[in-house]
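Peer 1: The structure's right below; bear with me while I get my questions together.
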Protein chains: 2
Amino acid sequence: MMALTRKAEYGIRGMLYLARQPGGQIAMIGDIASAMEMPRTFLAKIFQDLAKKGLIKSERGTGGGFVLARLPEQITLCEIVEAIEGPIMPNQCLMGEGMCSFQKTCPVHPVWRRLQKVTRGILEEVTLKTLAAQKVDLP
Amino acid sequence: MMALTRKAEYGIRGMLYLARQPGGQIAMIGDIASAMEMPRTFLAKIFQDLAKKGLIKSERGTGGGFVLARLPEQITLCEIVEAIEGPIMPNQCLMGEGMCSFQKTCPVHPVWRRLQKVTRGILEEVTLKTLAAQKVDLP
DNA sequence: TATAAAAGGATAATATTAGTCCTATTAAGG
DNA sequence: CCTTAATAGGACTAATATTATCCTTTTATA
């Protein structure tokens, strides 16, 4: 439970690829997809979204492709996840008035709110730079 | 994203009702469902699961119904959620070997692991007793 | 033995996920 | 200008998960 979708997983992987491009070089969807083992057309859709949300920039035509819209240290994991999946929301109730008839009396409410806050906190601390720099090769 | 399903929501509400039963009195599914505004047959299924998982006990026949299997202070929100939704798992990768081809090289992995740990921590701290005792009536 | 409760199994409607495919648009290069 | 190479956008689909409902069976009580 509480799992990310493939979409988010792919989006993160794709942006990580961009963050690792030497000199912030432009990269094509086909290359990214095959390098990171993702379905090409699906990734294209996801990148379209990310471009609309302003996390990456796209260029069309020959020599086109994608680059990060900001420096890797200025893009957090939280932003990417929320751009793709929508706001982090352990429980529908947190969405606003009228969603939950127990809003005022539900004792679990504060727990979800805390969980939401802590989750965002963790994801906000992690930038693409940190991730890209990581040399993970555990035994 | 990262949202609970109705099933978990209902399961929690139902168990909260049991925790609030004076003297740990037995309660019938119909009463619980109508008191907490949940679809009766659906709740029945959920309670069936919870009984199998050993969180509640059921009695059949006249005078039958459900009670908590343990004291409210010995049942955590984490247990209920995991009983219904399965283990808390921000990312499929965390499920075990063979699930993720990037396990050894994925720099995001440790973040999910941390998130998982913190989430469980928060939910483990909350018991049914705490929740049941809560007098929430915010402005 | 009738009644009241949960257990179990089958089924269904709807939503979400995880894509694919085709056409249009845009840019570069010859 | 025309071809080629890239993304953008829209429509569509298959598989799976969610959110239930209904019917029959089992179990316990009075």
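For the structure tokens, the naming scheme is as follows: chains receive sequential letters (A, B, ...) according to their order of presentation, residues are indexed from 1 within each chain, and ligands are indexed from 1 in presentation order.
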Using 6 Å as the limit and counting only C-alpha atoms (C1' of nucleotides), can you tabulate each residue of chain B that touches chain C, with its shortest atom-to-atom distance in Å and the two atoms involved, as a Markdown table?
Peer 2:
| residue | atom | partner | partner_atom | distance |
| --- | --- | --- | --- | --- |
| B:Arg60 | CA | C:DA6 | C1' | 5.0 |
| B:Gly61 | CA | C:DA5 | C1' | 4.0 |
| B:Thr62 | CA | C:DA4 | C1' | 4.4 |
| B:Gly64 | CA | C:DA5 | C1' | 5.4 |
Peer 1: Could those residues be written to a file, using N, CA and C atoms, as an mmCIF file, in the first residue's frame?
Peer 2:
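Output contents, as saved in again-v1.cif:
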data_model
loop_
_atom_site.group_PDB
_atom_site.id
_atom_site.type_symbol
_atom_site.label_atom_id
_atom_site.label_comp_id
_atom_site.auth_asym_id
_atom_site.auth_seq_id
_atom_site.Cartn_x
_atom_site.Cartn_y
_atom_site.Cartn_z
ATOM 1 N N ARG B 60 -20.824 -16.227 15.767
ATOM 2 C CA ARG B 60 -21.971 -16.421 14.901
ATOM 3 C C ARG B 60 -23.241 -16.654 15.700
ATOM 4 N N GLY B 61 -24.332 -16.624 14.978
ATOM 5 C CA GLY B 61 -25.622 -16.910 15.611
ATOM 6 C C GLY B 61 -26.174 -15.766 16.432
ATOM 7 N N THR B 62 -27.321 -16.031 16.996
ATOM 8 C CA THR B 62 -27.999 -15.025 17.809
ATOM 9 C C THR B 62 -27.064 -14.485 18.894
ATOM 10 N N GLY B 64 -24.569 -12.887 18.322
ATOM 11 C CA GLY B 64 -23.220 -12.833 17.768
ATOM 12 C C GLY B 64 -22.834 -11.442 17.324
#
Peer 1: Determine which residues of chain A sit within 10 Å of chain D, taking into account only C-alpha atoms (C1' of nucleotides), and present them as an MDAnalysis selection string.
Peer 2: chainID A and resid 28:29 44:45 47:48 58:66
Peer 1: Per residue of chain B within 7 Å of chain A, record the nearest atom pair and its distance in Å to one decimal, counting only C-alpha atoms, with rows in chain order and ascending residue number, as JSON lines.
Peer 2:
{"residue": "B:Met1", "atom": "CA", "partner": "A:Ile88", "partner_atom": "CA", "distance": 5.0}
{"residue": "B:Met2", "atom": "CA", "partner": "A:Met2", "partner_atom": "CA", "distance": 4.2}
{"residue": "B:Ala3", "atom": "CA", "partner": "A:Pro90", "partner_atom": "CA", "distance": 4.1}
{"residue": "B:Leu4", "atom": "CA", "partner": "A:Asn91", "partner_atom": "CA", "distance": 5.6}
{"residue": "B:Glu85", "atom": "CA", "partner": "A:Met1", "partner_atom": "CA", "distance": 5.5}
{"residue": "B:Gly86", "atom": "CA", "partner": "A:Met1", "partner_atom": "CA", "distance": 6.0}
{"residue": "B:Pro87", "atom": "CA", "partner": "A:Met1", "partner_atom": "CA", "distance": 6.2}
{"residue": "B:Ile88", "atom": "CA", "partner": "A:Met1", "partner_atom": "CA", "distance": 5.0}
{"residue": "B:Met89", "atom": "CA", "partner": "A:Met1", "partner_atom": "CA", "distance": 5.5}
{"residue": "B:Pro90", "atom": "CA", "partner": "A:Ala3", "partner_atom": "CA", "distance": 4.1}
{"residue": "B:Asn91", "atom": "CA", "partner": "A:Ala3", "partner_atom": "CA", "distance": 5.2}
{"residue": "B:Gln92", "atom": "CA", "partner": "A:Ala3", "partner_atom": "CA", "distance": 6.9}
{"residue": "B:Lys104", "atom": "CA", "partner": "A:Asp137", "partner_atom": "CA", "distance": 5.4}
{"residue": "B:Thr105", "atom": "CA", "partner": "A:Val136", "partner_atom": "CA", "distance": 5.0}
{"residue": "B:Cys106", "atom": "CA", "partner": "A:Val136", "partner_atom": "CA", "distance": 6.7}
{"residue": "B:Pro107", "atom": "CA", "partner": "A:Leu131", "partner_atom": "CA", "distance": 5.6}
{"residue": "B:Val108", "atom": "CA", "partner": "A:Leu131", "partner_atom": "CA", "distance": 6.6}
{"residue": "B:Leu115", "atom": "CA", "partner": "A:Thr119", "partner_atom": "CA", "distance": 6.7}
{"residue": "B:Thr119", "atom": "CA", "partner": "A:Leu115", "partner_atom": "CA", "distance": 6.7}
{"residue": "B:Ile122", "atom": "CA", "partner": "A:Leu115", "partner_atom": "CA", "distance": 7.0}
{"residue": "B:Leu131", "atom": "CA", "partner": "A:Pro107", "partner_atom": "CA", "distance": 5.6}
{"residue": "B:Gln134", "atom": "CA", "partner": "A:Pro107", "partner_atom": "CA", "distance": 5.9}
{"residue": "B:Val136", "atom": "CA", "partner": "A:Thr105", "partner_atom": "CA", "distance": 5.0}
{"residue": "B:Asp137", "atom": "CA", "partner": "A:Lys104", "partner_atom": "CA", "distance": 5.4}
{"residue": "B:Leu138", "atom": "CA", "partner": "A:Lys104", "partner_atom": "CA", "distance": 5.8}
Peer 1: Please return as a PyMOL selection string: the residues of range 12-120 of chain B that backbone DSSP assigns to helix (DSSP H, G or I).
Peer 2: chain B and resi 12-20+22-24+29-35+40-52+72-74+77-85+92-95+109-120
Peer 1: Working over all C-alpha atoms in order, superimpose chain B onto chain A by least squares and state the RMSD in Å.
Peer 2: 0.1 Å
Peer 1: Identify, with DSSP run on backbone atoms, the residues in range 7-136 of chain B assigned to strand (DSSP E or B), and express the list as a tab-separated table (two decimals) with N, CA and C atoms, in the first residue's frame.
Peer 2:
chain	number	residue	atom	x	y	z
B	27	ALA	N	-20.61	-6.21	19.09
B	27	ALA	CA	-21.40	-5.34	18.21
B	27	ALA	C	-21.68	-6.03	16.89
B	56	ILE	N	-9.75	-8.87	15.15
B	56	ILE	CA	-11.04	-8.89	15.85
B	56	ILE	C	-11.50	-10.34	15.96
B	57	LYS	N	-12.46	-10.57	16.85
B	57	LYS	CA	-13.02	-11.91	16.99
B	57	LYS	C	-14.50	-11.86	16.63
B	58	SER	N	-14.95	-12.91	15.97
B	58	SER	CA	-16.36	-12.94	15.56
B	58	SER	C	-17.10	-14.08	16.26
B	59	GLU	N	-18.38	-13.88	16.47
B	59	GLU	CA	-19.25	-14.92	17.01
B	59	GLU	C	-20.46	-15.02	16.09
B	65	GLY	N	-21.63	-11.34	16.79
B	65	GLY	CA	-21.13	-10.05	16.33
B	65	GLY	C	-19.62	-10.01	16.42
B	66	PHE	N	-19.09	-8.84	16.63
B	66	PHE	CA	-17.63	-8.69	16.66
B	66	PHE	C	-17.14	-7.96	17.91
B	67	VAL	N	-15.97	-8.38	18.37
B	67	VAL	CA	-15.26	-7.63	19.42
B	67	VAL	C	-13.78	-7.54	19.02
B	68	LEU	N	-13.07	-6.62	19.61
B	68	LEU	CA	-11.63	-6.54	19.39
B	68	LEU	C	-10.98	-7.80	19.93
B	76	THR	N	-2.49	-1.21	17.03
B	76	THR	CA	-2.03	0.04	16.42
B	76	THR	C	-2.70	0.26	15.06
B	127	THR	N	-2.49	4.05	18.82
B	127	THR	CA	-3.28	2.88	19.16
B	127	THR	C	-4.77	3.21	19.10
Peer 1: Range 31-34 of chain B: which residues within 9 Å, counting only C-alpha atoms (C1' of nucleotides), same-chain residues fewer than 6 positions away excluded, as a VMD selection string?
Peer 2: chain B and resid 10 13 to 14 17 to 18 40 to 41 43 to 44
Peer 1: Rounded to one decimal in Å, what is the spacing between CA of Ile46 in chain B and CA of Arg70 in chain B?
Peer 2: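 Atom-to-atom, CA of Ile46 in chain B and CA of Arg70 in chain B are spaced 17.7 Å apart.
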